[in-house]
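The file structure.pdb comes next; it holds PDB, C-alpha atoms.
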ATOM      1  CA  MET J   1      -0.572  -7.255   2.037
ATOM      2  CA  ARG J   2      -4.049  -8.680   1.427
ATOM      3  CA  PHE J   3      -6.670 -10.966   3.025
ATOM      4  CA  LEU J   4      -7.816 -13.915   0.937
ATOM      5  CA  TYR J   5     -11.172 -14.035   2.789
ATOM      6  CA  PRO J   6     -11.744 -10.443   3.953
ATOM      7  CA  GLU J   7     -15.445 -11.079   4.637
ATOM      8  CA  LEU J   8     -14.459 -13.047   7.774
ATOM      9  CA  LEU J   9     -13.046  -9.863   9.329
ATOM     10  CA  TRP J  10     -16.618  -8.854  10.187
ATOM     11  CA  LEU J  11     -16.459 -11.464  12.970
ATOM     12  CA  LEU J  12     -14.125  -9.125  14.846
ATOM     13  CA  ALA J  13     -17.101  -6.817  15.402
ATOM     14  CA  LEU J  14     -18.733  -9.535  17.540
ATOM     15  CA  LEU J  15     -15.915  -9.560  20.101
ATOM     16  CA  PRO J  16     -16.894  -6.273  21.867
ATOM     17  CA  MET J  17     -20.488  -7.568  22.082
ATOM     18  CA  LEU J  18     -19.329 -10.844  23.669
ATOM     19  CA  ALA J  19     -17.172  -8.930  26.139
ATOM     20  CA  LEU J  20     -20.130  -6.707  27.075
ATOM     21  CA  ILE J  21     -22.450  -9.684  27.614
ATOM     22  CA  ARG J  22     -19.837 -11.464  29.729
ATOM     23  CA  GLY J  23     -19.290  -8.362  31.816
ATOM     24  CA  LYS J  24     -23.004  -7.998  32.619
ATOM     25  CA  ARG J  25     -23.474 -11.671  33.535
ATOM     26  CA  GLY J  26     -20.270 -11.934  35.516
ATOM     27  CA  PRO J  27     -18.269 -15.099  35.979
ATOM     28  CA  ALA J  28     -19.993 -18.312  37.056
ATOM     29  CA  PRO J  29     -19.547 -19.128  40.783
ATOM     30  CA  ALA J  30     -16.934 -21.721  41.564
ATOM     31  CA  LEU J  31     -18.458 -22.632  45.012
ATOM     32  CA  VAL J  32     -21.874 -22.126  46.588
ATOM     33  CA  PHE J  33     -22.130 -21.420  50.353
ATOM     34  CA  SER J  34     -25.246 -21.727  52.485
ATOM     35  CA  THR J  35     -23.999 -19.028  54.828
ATOM     36  CA  THR J  36     -21.594 -16.140  54.603
ATOM     37  CA  SER J  37     -19.961 -16.820  57.948
ATOM     38  CA  LEU J  38     -17.250 -18.869  56.285
ATOM     39  CA  LEU J  39     -16.331 -15.943  54.054
ATOM     40  CA  SER J  40     -15.396 -13.637  56.927
ATOM     41  CA  SER J  41     -12.167 -15.459  57.564
ATOM     42  CA  MET J  42     -11.372 -15.591  53.875
ATOM     43  CA  ALA J  43     -11.763 -11.839  53.521
ATOM     44  CA  GLU J  44      -8.755 -11.308  55.776
ATOM     45  CA  GLY J  45      -6.397 -13.025  53.267
ATOM     46  CA  ARG J  46      -4.913 -11.437  50.188
ATOM     47  CA  LYS J  47      -7.161 -11.678  47.136
ATOM     48  CA  ALA J  48      -6.013 -12.371  43.605
ATOM     49  CA  ARG J  49      -8.145 -11.082  40.726
ATOM     50  CA  PRO J  50      -6.872 -12.819  37.584
ATOM     51  CA  GLY J  51     -10.326 -12.963  35.955
ATOM     52  CA  ARG J  52      -9.957  -9.776  33.928
ATOM     53  CA  LEU J  53      -6.495 -10.764  32.627
ATOM     54  CA  LEU J  54      -7.712 -14.259  31.717
ATOM     55  CA  ALA J  55     -10.644 -12.829  29.762
ATOM     56  CA  THR J  56      -8.372 -10.440  27.922
ATOM     57  CA  LEU J  57      -6.045 -13.249  26.903
ATOM     58  CA  ARG J  58      -9.002 -15.327  25.723
ATOM     59  CA  PHE J  59     -10.401 -12.509  23.558
ATOM     60  CA  LEU J  60      -6.985 -11.722  22.100
ATOM     61  CA  ALA J  61      -6.558 -15.355  21.121
ATOM     62  CA  LEU J  62     -10.006 -15.395  19.524
ATOM     63  CA  ALA J  63      -9.247 -12.190  17.554
ATOM     64  CA  LEU J  64      -5.988 -13.677  16.267
ATOM     65  CA  LEU J  65      -7.767 -16.862  15.181
ATOM     66  CA  ILE J  66     -10.336 -14.809  13.241
ATOM     67  CA  LEU J  67      -7.515 -12.920  11.504
ATOM     68  CA  ALA J  68      -5.822 -16.229  10.717
ATOM     69  CA  CYS J  69      -9.052 -17.605   9.171
ATOM     70  CA  ALA J  70      -9.164 -14.513   6.896
ATOM     71  CA  ARG J  71      -5.813 -15.703   5.451
ATOM     72  CA  PRO J  72      -3.501 -12.650   5.496
ATOM     73  CA  GLN J  73      -0.899 -12.775   2.727
ATOM     74  CA  GLN J  74       2.131 -10.636   2.002
ATOM     75  CA  GLY J  75       2.778 -10.286  -1.718
ATOM     76  CA  ASN J  76       5.663  -9.334  -3.938
ATOM     77  CA  THR J  77       4.719  -8.046  -7.391
ATOM     78  CA  THR J  78       7.214  -7.506 -10.195
ATOM     79  CA  THR J  79       6.228  -5.816 -13.458
ATOM     80  CA  GLU J  80       8.408  -5.849 -16.543
ATOM     81  CA  ILE J  81       7.690  -3.531 -19.476
ATOM     82  CA  GLU J  82       9.471  -4.216 -22.732
ATOM     83  CA  ALA J  83      10.440  -1.252 -24.910
ATOM     84  CA  SER J  84       8.374  -0.936 -28.070
ATOM     85  CA  GLY J  85      11.367  -0.542 -30.374
ATOM     86  CA  ILE J  86      10.085   2.819 -31.645
ATOM     87  CA  ASP J  87      12.465   5.777 -31.371
ATOM     88  CA  ILE J  88      10.956   9.273 -31.437
ATOM     89  CA  LEU J  89      12.922  12.520 -31.549
ATOM     90  CA  LEU J  90      11.015  15.722 -30.821
ATOM     91  CA  ALA J  91      12.550  18.786 -32.516
ATOM     92  CA  VAL J  92      11.175  22.091 -31.179
ATOM     93  CA  ASP J  93      11.763  25.590 -32.519
ATOM     94  CA  VAL J  94      12.914  27.955 -29.721
ATOM     95  CA  SER J  95      13.518  31.044 -31.874
ATOM     96  CA  GLY J  96      12.323  34.488 -30.789
ATOM     97  CA  SER J  97       9.130  34.279 -32.832
ATOM     98  CA  MET J  98       7.891  31.504 -30.494
ATOM     99  CA  GLU J  99       7.091  34.323 -28.043
ATOM    100  CA  ALA J 100       4.032  35.267 -30.099
ATOM    101  CA  LEU J 101       0.870  35.223 -27.970
ATOM    102  CA  ASP J 102      -1.548  33.608 -30.420
ATOM    103  CA  PHE J 103      -2.239  30.493 -28.301
ATOM    104  CA  THR J 104      -4.086  29.984 -25.011
ATOM    105  CA  LEU J 105      -3.353  27.824 -21.982
ATOM    106  CA  GLN J 106      -5.913  27.245 -19.226
ATOM    107  CA  GLY J 107      -8.020  30.148 -20.462
ATOM    108  CA  ARG J 108      -5.236  32.750 -20.669
ATOM    109  CA  ALA J 109      -3.060  34.005 -23.505
ATOM    110  CA  ALA J 110       0.220  32.103 -23.711
ATOM    111  CA  ASN J 111       3.205  32.110 -26.026
ATOM    112  CA  ARG J 112       3.715  29.330 -28.542
ATOM    113  CA  LEU J 113       6.565  27.603 -26.738
ATOM    114  CA  GLU J 114       4.670  27.455 -23.437
ATOM    115  CA  VAL J 115       1.735  25.705 -25.123
ATOM    116  CA  VAL J 116       3.996  23.399 -27.155
ATOM    117  CA  LYS J 117       5.722  22.222 -23.973
ATOM    118  CA  SER J 118       2.362  21.461 -22.368
ATOM    119  CA  VAL J 119       1.139  19.455 -25.379
ATOM    120  CA  ILE J 120       4.441  17.571 -25.752
ATOM    121  CA  ARG J 121       4.303  16.621 -22.057
ATOM    122  CA  GLN J 122       0.964  14.892 -22.677
ATOM    123  CA  PHE J 123       2.384  13.173 -25.757
ATOM    124  CA  ILE J 124       5.348  11.800 -23.784
ATOM    125  CA  GLU J 125       3.109  10.550 -20.961
ATOM    126  CA  GLN J 126       1.000   8.629 -23.491
ATOM    127  CA  ARG J 127       4.028   6.679 -24.781
ATOM    128  CA  PRO J 128       5.738   5.186 -21.709
ATOM    129  CA  ASN J 129       7.481   2.351 -23.560
ATOM    130  CA  ASP J 130       9.066   4.378 -26.392
ATOM    131  CA  ARG J 131      12.574   5.820 -26.425
ATOM    132  CA  ILE J 132      12.066   9.571 -26.825
ATOM    133  CA  GLY J 133      14.617  12.365 -27.246
ATOM    134  CA  LEU J 134      14.380  16.158 -27.352
ATOM    135  CA  LEU J 135      16.124  18.561 -29.742
ATOM    136  CA  ALA J 136      15.864  22.361 -29.595
ATOM    137  CA  PHE J 137      16.798  24.561 -32.524
ATOM    138  CA  SER J 138      16.786  28.152 -33.679
ATOM    139  CA  GLY J 139      19.959  29.513 -35.325
ATOM    140  CA  ARG J 140      21.499  26.063 -34.761
ATOM    141  CA  PRO J 141      20.348  22.758 -33.265
ATOM    142  CA  TYR J 142      20.954  21.918 -29.608
ATOM    143  CA  MET J 143      20.488  18.411 -28.157
ATOM    144  CA  VAL J 144      18.457  18.755 -24.967
ATOM    145  CA  SER J 145      18.023  15.052 -24.208
ATOM    146  CA  PRO J 146      19.185  11.925 -26.044
ATOM    147  CA  LEU J 147      16.783   9.072 -26.753
ATOM    148  CA  THR J 148      15.770   7.617 -23.399
ATOM    149  CA  LEU J 149      13.198   5.492 -21.597
ATOM    150  CA  ASP J 150      13.709   7.616 -18.490
ATOM    151  CA  HIS J 151      10.762   9.889 -19.148
ATOM    152  CA  ASP J 152      10.994  11.577 -15.736
ATOM    153  CA  TRP J 153      14.405  12.909 -16.770
ATOM    154  CA  LEU J 154      13.038  13.783 -20.217
ATOM    155  CA  LEU J 155      10.187  15.826 -18.735
ATOM    156  CA  GLN J 156      12.665  17.711 -16.555
ATOM    157  CA  ARG J 157      14.660  18.615 -19.656
ATOM    158  CA  LEU J 158      11.438  19.650 -21.407
ATOM    159  CA  ASP J 159      10.679  22.056 -18.552
ATOM    160  CA  ALA J 160      14.119  23.613 -19.066
ATOM    161  CA  LEU J 161      13.334  24.439 -22.708
ATOM    162  CA  ALA J 162      13.388  28.236 -23.185
ATOM    163  CA  ILE J 163      13.395  30.869 -25.882
ATOM    164  CA  GLY J 164      16.885  32.307 -26.392
ATOM    165  CA  MET J 165      18.806  29.231 -25.207
ATOM    166  CA  VAL J 166      20.377  29.178 -28.707
ATOM    167  CA  GLU J 167      21.235  32.106 -30.983
ATOM    168  CA  ASP J 168      18.237  33.323 -32.978
ATOM    169  CA  GLY J 169      17.296  32.060 -36.417
ATOM    170  CA  THR J 170      15.490  29.031 -37.883
ATOM    171  CA  ALA J 171      17.824  26.234 -38.990
ATOM    172  CA  ILE J 172      15.280  23.591 -40.029
ATOM    173  CA  GLY J 173      17.646  21.655 -42.317
ATOM    174  CA  SER J 174      20.408  21.513 -39.714
ATOM    175  CA  ALA J 175      17.928  20.371 -37.059
ATOM    176  CA  ILE J 176      16.832  17.509 -39.317
ATOM    177  CA  GLY J 177      20.477  16.586 -39.974
ATOM    178  CA  VAL J 178      21.321  16.369 -36.261
ATOM    179  CA  GLY J 179      18.090  14.476 -35.640
ATOM    180  CA  LEU J 180      19.021  11.862 -38.244
ATOM    181  CA  ASN J 181      22.367  11.306 -36.537
ATOM    182  CA  ARG J 182      20.528  10.598 -33.267
ATOM    183  CA  LEU J 183      18.142   8.151 -34.953
ATOM    184  CA  GLN J 184      20.764   5.814 -36.348
ATOM    185  CA  ASP J 185      19.976   2.684 -34.330
ATOM    186  CA  PRO J 186      19.186  -0.006 -36.963
ATOM    187  CA  ALA J 187      17.692  -2.287 -34.291
ATOM    188  CA  SER J 188      14.713   0.055 -33.856
ATOM    189  CA  LYS J 189      11.453  -1.083 -35.439
ATOM    190  CA  SER J 190      10.590   2.487 -36.401
ATOM    191  CA  ARG J 191      12.392   5.841 -36.239
ATOM    192  CA  ILE J 192      10.426   9.065 -36.207
ATOM    193  CA  LEU J 193      11.326  12.771 -36.126
ATOM    194  CA  ILE J 194       8.562  15.208 -35.167
ATOM    195  CA  LEU J 195       9.661  18.736 -36.082
ATOM    196  CA  LEU J 196       7.712  21.808 -34.970
ATOM    197  CA  THR J 197       8.499  25.321 -36.210
ATOM    198  CA  ASP J 198       6.761  28.663 -36.642
ATOM    199  CA  GLY J 199       9.040  30.078 -39.332
ATOM    200  CA  MET J 200      11.047  29.554 -42.500
ATOM    201  CA  ASN J 201      14.512  28.064 -42.898
ATOM    202  CA  ASN J 202      16.931  31.023 -42.745
ATOM    203  CA  ALA J 203      20.022  29.596 -41.006
ATOM    204  CA  GLY J 204      22.293  26.578 -41.110
ATOM    205  CA  ALA J 205      24.228  25.006 -43.975
ATOM    206  CA  VAL J 206      21.810  22.140 -44.771
ATOM    207  CA  PRO J 207      18.720  22.798 -46.943
ATOM    208  CA  PRO J 208      15.587  21.100 -45.505
ATOM    209  CA  LEU J 209      14.834  19.108 -48.668
ATOM    210  CA  VAL J 210      18.367  17.716 -48.831
ATOM    211  CA  ALA J 211      18.055  16.607 -45.214
ATOM    212  CA  ALA J 212      14.659  15.058 -46.030
ATOM    213  CA  GLU J 213      16.189  13.016 -48.872
ATOM    214  CA  ALA J 214      18.767  11.674 -46.434
ATOM    215  CA  ALA J 215      15.953  10.738 -44.033
ATOM    216  CA  GLU J 216      14.160   8.903 -46.844
ATOM    217  CA  ALA J 217      17.299   6.898 -47.585
ATOM    218  CA  LEU J 218      17.621   5.952 -43.908
ATOM    219  CA  GLY J 219      13.950   4.996 -43.589
ATOM    220  CA  ILE J 220      13.210   7.731 -41.034
ATOM    221  CA  LYS J 221       9.818   9.454 -41.055
ATOM    222  CA  ILE J 222       9.646  13.216 -40.483
ATOM    223  CA  TYR J 223       6.325  14.605 -39.274
ATOM    224  CA  THR J 224       6.375  18.404 -39.642
ATOM    225  CA  ILE J 225       4.181  20.890 -37.781
ATOM    226  CA  GLY J 226       3.712  24.571 -38.562
ATOM    227  CA  ALA J 227       2.614  26.386 -35.390
ATOM    228  CA  GLY J 228       0.998  29.817 -35.532
ATOM    229  CA  THR J 229      -2.078  31.676 -36.712
ATOM    230  CA  LYS J 230      -2.404  32.658 -40.327
ATOM    231  CA  GLY J 231      -1.823  36.316 -41.130
ATOM    232  CA  GLU J 232      -0.598  38.259 -38.091
ATOM    233  CA  ALA J 233       0.054  37.415 -34.451
ATOM    234  CA  PRO J 234       0.535  39.575 -31.313
ATOM    235  CA  MET J 235       4.198  39.746 -30.272
ATOM    236  CA  PRO J 236       5.447  41.249 -26.986
ATOM    237  CA  VAL J 237       8.239  43.827 -27.472
ATOM    238  CA  VAL J 238      10.137  46.154 -25.141
ATOM    239  CA  ASP J 239      10.390  49.787 -26.199
ATOM    240  CA  ALA J 240      13.262  52.204 -25.550
ATOM    241  CA  PHE J 241      11.843  53.036 -22.100
ATOM    242  CA  GLY J 242      11.748  49.389 -20.985
ATOM    243  CA  ARG J 243       7.991  49.102 -21.311
ATOM    244  CA  LYS J 244       6.379  45.970 -22.720
ATOM    245  CA  ARG J 245       3.720  46.247 -25.378
ATOM    246  CA  LEU J 246       2.150  44.082 -28.041
ATOM    247  CA  VAL J 247       2.654  44.610 -31.742
ATOM    248  CA  GLN J 248       1.176  42.687 -34.646
ATOM    249  CA  VAL J 249       3.776  40.782 -36.648
ATOM    250  CA  LYS J 250       3.393  38.782 -39.839
ATOM    251  CA  VAL J 251       3.401  35.003 -39.517
ATOM    252  CA  ASP J 252       5.772  33.463 -42.081
ATOM    253  CA  ILE J 253       5.624  29.667 -42.175
ATOM    254  CA  ASP J 254       6.978  27.801 -45.191
ATOM    255  CA  ASP J 255       4.040  25.397 -45.549
ATOM    256  CA  GLU J 256       5.217  24.192 -48.950
ATOM    257  CA  THR J 257       8.711  23.144 -47.855
ATOM    258  CA  LEU J 258       7.476  21.561 -44.627
ATOM    259  CA  GLY J 259       4.891  19.613 -46.625
ATOM    260  CA  GLN J 260       7.530  18.383 -49.068
ATOM    261  CA  VAL J 261       9.840  17.293 -46.238
ATOM    262  CA  ALA J 262       7.054  15.182 -44.693
ATOM    263  CA  ALA J 263       5.896  13.749 -48.041
ATOM    264  CA  LEU J 264       9.423  12.683 -49.031
ATOM    265  CA  THR J 265       9.688  10.521 -45.907
ATOM    266  CA  GLY J 266       6.177   9.026 -46.037
ATOM    267  CA  ALA J 267       4.840  11.175 -43.208
ATOM    268  CA  HIS J 268       2.437  14.138 -42.970
ATOM    269  CA  TYR J 269       2.545  17.907 -42.532
ATOM    270  CA  PHE J 270       0.156  19.547 -40.053
ATOM    271  CA  ARG J 271      -0.768  23.181 -39.455
ATOM    272  CA  ALA J 272      -1.737  24.148 -35.911
ATOM    273  CA  THR J 273      -3.310  27.581 -35.581
ATOM    274  CA  ASP J 274      -4.414  27.330 -31.941
ATOM    275  CA  THR J 275      -4.002  25.183 -28.824
ATOM    276  CA  LYS J 276      -6.823  22.796 -29.659
ATOM    277  CA  SER J 277      -5.544  22.086 -33.163
ATOM    278  CA  LEU J 278      -2.015  21.563 -31.819
ATOM    279  CA  GLU J 279      -3.295  18.985 -29.325
ATOM    280  CA  LYS J 280      -5.167  17.277 -32.163
ATOM    281  CA  VAL J 281      -1.989  17.114 -34.264
ATOM    282  CA  TYR J 282      -0.019  15.252 -31.589
ATOM    283  CA  ASP J 283      -3.014  12.974 -30.924
ATOM    284  CA  GLU J 284      -3.135  12.071 -34.622
ATOM    285  CA  ILE J 285       0.582  11.307 -34.720
ATOM    286  CA  ASN J 286       0.211   9.249 -31.550
ATOM    287  CA  ASN J 287      -2.601   7.210 -33.126
ATOM    288  CA  MET J 288      -0.760   6.734 -36.424
ATOM    289  CA  GLU J 289       2.381   5.481 -34.715
ATOM    290  CA  THR J 290       0.737   2.995 -32.372
ATOM    291  CA  THR J 291       2.708   0.381 -30.467
ATOM    292  CA  THR J 292       1.885  -2.852 -28.685
ATOM    293  CA  ARG J 293       2.782  -2.552 -25.027
ATOM    294  CA  ILE J 294       4.216  -5.788 -23.640
ATOM    295  CA  ILE J 295       3.743  -6.177 -19.884
ATOM    296  CA  LYS J 296       4.834  -9.164 -17.782
ATOM    297  CA  LYS J 297       3.497  -9.281 -14.237
ATOM    298  CA  PHE J 298       4.748 -11.726 -11.607
ATOM    299  CA  GLU J 299       3.032 -12.141  -8.218
ATOM    300  CA  ASN J 300       4.199 -14.166  -5.216
ATOM    301  CA  TYR J 301       2.300 -14.286  -1.910
ATOM    302  CA  ARG J 302       3.537 -15.559   1.466
ATOM    303  CA  GLU J 303       1.024 -16.920   3.980
ATOM    304  CA  LEU J 304       0.985 -15.124   7.365
ATOM    305  CA  PHE J 305      -1.770 -17.083   9.137
ATOM    306  CA  PRO J 306       0.636 -19.606  10.805
ATOM    307  CA  TRP J 307       2.172 -16.750  12.789
ATOM    308  CA  LEU J 308      -1.264 -15.615  13.966
ATOM    309  CA  VAL J 309      -2.271 -19.156  14.954
ATOM    310  CA  ALA J 310       0.988 -19.535  16.897
ATOM    311  CA  ALA J 311       0.359 -16.245  18.729
ATOM    312  CA  ALA J 312      -3.232 -17.307  19.516
ATOM    313  CA  LEU J 313      -2.024 -20.624  20.953
ATOM    314  CA  LEU J 314       0.543 -18.748  23.026
ATOM    315  CA  PHE J 315      -2.176 -16.549  24.556
ATOM    316  CA  LEU J 316      -4.404 -19.584  25.212
ATOM    317  CA  GLY J 317      -1.513 -21.424  26.854
ATOM    318  CA  TRP J 318      -0.775 -18.384  28.993
ATOM    319  CA  GLU J 319      -4.443 -18.196  30.017
ATOM    320  CA  LEU J 320      -4.509 -21.891  30.923
ATOM    321  CA  LEU J 321      -1.339 -21.567  32.989
ATOM    322  CA  LEU J 322      -2.623 -18.514  34.908
ATOM    323  CA  SER J 323      -6.018 -20.111  35.551
ATOM    324  CA  ARG J 324      -4.398 -23.193  37.085
ATOM    325  CA  HIS J 325      -2.199 -21.101  39.396
ATOM    326  CA  SER J 326      -5.136 -18.896  40.422
ATOM    327  CA  LEU J 327      -7.138 -21.869  41.776
ATOM    328  CA  PRO J 328      -6.959 -22.271  45.627
TER
END

Write-out of the structure in structure tokens:
Amino acid sequence: MRFLYPELLWLLALLPMLALIRGKRGPAPALVFSTTSLLSSMAEGRKARPGRLLATLRFLALALLILACARPQQGNTTTEIEASGIDILLAVDVSGSMEALDFTLQGRAANRLEVVKSVIRQFIEQRPNDRIGLLAFSGRPYMVSPLTLDHDWLLQRLDALAIGMVEDGTAIGSAIGVGLNRLQDPASKSRILILLTDGMNNAGAVPPLVAAEAAEALGIKIYTIGAGTKGEAPMPVVDAFGRKRLVQVKVDIDDETLGQVAALTGAHYFRATDTKSLEKVYDEINNMETTTRIIKKFENYRELFPWLVAAALLFLGWELLLSRHSLP
């Protein structure tokens, strides 16, 4: 609901002032007597005091007329957003090595997967009109969410992503193969696979480069991301007594193969060594794969002032009727 002329609503502030002035002055006398002796007999009869009710009705009518002049309108707005035609599948490594604590989140040490989920959430929120899916992989690929425009559902599935949900390992080639099967819609303007891993291909039956050649033939871009510091990273382990401690483990990321996979499909390979660089990677991909958002907005407003004018006239008519009956 809105008022077309909201500045007129300030007139409502004058009504209490008018009521105060009227109350101090009192009503004008209807008759003037030269002596009060005639009033003694009148005092014995029953008195009616309609003045206060009549004034209230008059002020209510005036307030309604001011509201009517401000033109209240009730609107219905419909917004239509057309899908961009770009399909994006996010493939995320959930192997045990993603527990390494070489990233930070909100000023504290955090494992790789925790940070990746936070950065991907921002990426999804920046692309509301793209169909986006989510694929987890370690020893084998696991489809977490198909391509969808329901990003609320997608974000719920992203929250459910966890290390150990699939048997351990790093099946990069198999993950690409499953991703290609999910990106088969020929009606899409562009099809993109964004694959993030912190290791080397050591599982699955499909070599990464073979899968990349298939992606090239299908016209699907594969952006690859290697996540993890260079050298060694702190990894939480549990000893024989059930105590947790950190040990330094070597970071093994196959930069060469990941770079070749991206190059074969006309995309890019990125290396993210900390949280800030990972955020920058997804920002760069977001900027490179821009879309035009098509929004259609329809507005329809219904005038409400006739109802207020009718109510004001009703109060004025009631006041007129009561004033006539209150006369002697």

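Once the PyMOL selection byres ((chain J and resi 136) around 7) is applied to the shown structure, the selection contains J:Ala91, J:Val92, J:Asp93, J:Val94, J:Leu134, J:Leu135, J:Phe137, J:Pro141, J:Tyr142, J:Met143, J:Val144.
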
Rank nothing, just name the residue among J:Pro208, J:Pro72, J:Pro16, J:Gly96 nearest to Tyr301 of chain J, using all atoms listed in the file. J:Pro72

Hits from the PyMOL selection byres ((chain J and resi 194-201) around 8), listed as a PyMOL selection string: chain J and resi 88-93+97-98+170-173+176+192-193+202-203+207-208+222-228+251-254

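Using only C-alpha atoms, the protein and nucleic acid residues lying at most 10 Å from the point (11.0, 2.7, -30.2) are Ala83, Ser84, Gly85, Ile86, Asp87, Ile88, Arg127, Asn129, Asp130, Arg131, Ile132, Leu147, Thr148, Leu149, Asp185, Ala187, Ser188, Lys189, Ser190, Arg191, Ile192 and Thr291 of chain J.
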
Those same residues, written as a CSV table (one decimal), keeping the file's coordinate frame with C-alpha atoms?
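The resulting file, again.csv, is reproduced below:
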chain,number,residue,atom,x,y,z
J,83,ALA,CA,10.4,-1.3,-24.9
J,84,SER,CA,8.4,-0.9,-28.1
J,85,GLY,CA,11.4,-0.5,-30.4
J,86,ILE,CA,10.1,2.8,-31.6
J,87,ASP,CA,12.5,5.8,-31.4
J,88,ILE,CA,11.0,9.3,-31.4
J,127,ARG,CA,4.0,6.7,-24.8
J,129,ASN,CA,7.5,2.4,-23.6
J,130,ASP,CA,9.1,4.4,-26.4
J,131,ARG,CA,12.6,5.8,-26.4
J,132,ILE,CA,12.1,9.6,-26.8
J,147,LEU,CA,16.8,9.1,-26.8
J,148,THR,CA,15.8,7.6,-23.4
J,149,LEU,CA,13.2,5.5,-21.6
J,185,ASP,CA,20.0,2.7,-34.3
J,187,ALA,CA,17.7,-2.3,-34.3
J,188,SER,CA,14.7,0.1,-33.9
J,189,LYS,CA,11.5,-1.1,-35.4
J,190,SER,CA,10.6,2.5,-36.4
J,191,ARG,CA,12.4,5.8,-36.2
J,192,ILE,CA,10.4,9.1,-36.2
J,291,THR,CA,2.7,0.4,-30.5

Could you list, as a list of chain:residue names, every residue within 9 Å of segment 229-232 of chain J, counting all atoms listed in the file and ignoring same-chain residues fewer than 5 positions away? J:Asp102, J:Phe103, J:Gln248, J:Val249, J:Lys250, J:Val251, J:Asp252, J:Ile253, J:Ala272, J:Thr273, J:Asp274

Please provide as a ChimeraX atom specification all residues within 9 Å of Leu54 of chain J, with the sequence filter that same-chain residues fewer than 5 positions apart are discarded (counting all atoms listed in the file). /J:59,318-320,322-323

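Each of J:Gly179, J:Gly266, J:Pro236, J:Gly259 was compared to Lys221 of chain J using only C-alpha atoms, and J:Gly266 turns out to be the nearest.
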
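The smallest atom-to-atom distance between Ala61 of chain J and any of J:Ala217, J:Leu12, J:Val166, J:Val178, using all atoms listed in the file, is found for J:Leu12.
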
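Note that the spacing between atom CA of Gly177 of chain J and atom CA of Ala214 of chain J amounts to 8.3 Å.
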
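Nearest residue to Leu313 of chain J, choosing from J:Leu183, J:Ala205, J:Leu65, J:Met17 and counting only C-alpha atoms: J:Leu65.
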
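Ranking J:Glu125, J:Thr104, J:Glu289, J:Leu218 by their shortest atom-to-atom distance to Asp150 of chain J, with all atoms listed in the file included, puts J:Glu125 first.
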
Of the candidates J:Leu316, J:Leu8, J:Leu180, J:Leu321, which one gets nearest to Leu60 of chain J if we count only C-alpha atoms? J:Leu316

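The spacing separating atom CA of Asp168 of chain J from atom CA of Leu155 of chain J amounts to 24.0 Å.
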
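One distance worth recording is that between atom CA of Arg182 of chain J and atom CA of Ser145 of chain J, which is 10.4 Å.
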
Output check: residues returned by the PyMOL selection byres ((chain J and resi 69) around 8), as an NGL selection string: :J and (5 or 8 or 65-68 or 70-71 or 305)

Filtering to C-alpha atoms, could you give me those residues as an mmCIF file, in the frame of the given file?
data_model
loop_
_atom_site.group_PDB
_atom_site.id
_atom_site.type_symbol
_atom_site.label_atom_id
_atom_site.label_comp_id
_atom_site.auth_asym_id
_atom_site.auth_seq_id
_atom_site.Cartn_x
_atom_site.Cartn_y
_atom_site.Cartn_z
ATOM 1 C CA TYR J 5 -11.172 -14.035 2.789
ATOM 2 C CA LEU J 8 -14.459 -13.047 7.774
ATOM 3 C CA LEU J 65 -7.767 -16.862 15.181
ATOM 4 C CA ILE J 66 -10.336 -14.809 13.241
ATOM 5 C CA LEU J 67 -7.515 -12.920 11.504
ATOM 6 C CA ALA J 68 -5.822 -16.229 10.717
ATOM 7 C CA ALA J 70 -9.164 -14.513 6.896
ATOM 8 C CA ARG J 71 -5.813 -15.703 5.451
ATOM 9 C CA PHE J 305 -1.770 -17.083 9.137
#

Using all atoms listed in the file, determine which residues lie at most 9 Å from Ile120 of chain J, disregarding the query and same-chain residues fewer than 4 positions distant; provide the list as a JSON list (two decimals) with C-alpha atoms, keeping the file's coordinate frame.
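Result written to out23.json:
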[["chain", "number", "residue", "atom", "x", "y", "z"],
["J", 90, "LEU", "CA", 11.02, 15.72, -30.82],
["J", 115, "VAL", "CA", 1.74, 25.70, -25.12],
["J", 116, "VAL", "CA", 4.00, 23.40, -27.16],
["J", 124, "ILE", "CA", 5.35, 11.80, -23.78],
["J", 125, "GLU", "CA", 3.11, 10.55, -20.96],
["J", 158, "LEU", "CA", 11.44, 19.65, -21.41],
["J", 279, "GLU", "CA", -3.30, 18.98, -29.32],
["J", 282, "TYR", "CA", -0.02, 15.25, -31.59]]

Residues near Ala312 of chain J, anyone? I mean within 6 Å using all atoms listed in the file, not counting same-chain ones fewer than 3 positions away, as JSON, numbers by chain. {"J": [61, 64, 309, 315]}

Write the selection just made, keeping C-alpha atoms, as a short mmCIF file (atom, residue, chain, number, x, y, z; two decimals), keeping the file's coordinate frame?
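Contents of selection.cif, as written:
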data_model
loop_
_atom_site.label_atom_id
_atom_site.label_comp_id
_atom_site.auth_asym_id
_atom_site.auth_seq_id
_atom_site.Cartn_x
_atom_site.Cartn_y
_atom_site.Cartn_z
CA ALA J 61 -6.56 -15.36 21.12
CA LEU J 64 -5.99 -13.68 16.27
CA VAL J 309 -2.27 -19.16 14.95
CA PHE J 315 -2.18 -16.55 24.56
#

Give me the residues within 10 Å of Phe123 of chain J as a ChimeraX atom specification, counting only C-alpha atoms and dropping any in the same chain fewer than 4 places off. /J:117-119,127-128,279,282-283,285-286

Include C-alpha atoms and write out the residues we just selected as a compact mmCIF listing (two decimals), keeping the file's coordinate frame.
# COMPACT_ATOMS: atom_id res chain seq x y z
CA LYS J 117 5.72 22.22 -23.97
CA SER J 118 2.36 21.46 -22.37
CA VAL J 119 1.14 19.45 -25.38
CA ARG J 127 4.03 6.68 -24.78
CA PRO J 128 5.74 5.19 -21.71
CA GLU J 279 -3.30 18.98 -29.32
CA TYR J 282 -0.02 15.25 -31.59
CA ASP J 283 -3.01 12.97 -30.92
CA ILE J 285 0.58 11.31 -34.72
CA ASN J 286 0.21 9.25 -31.55
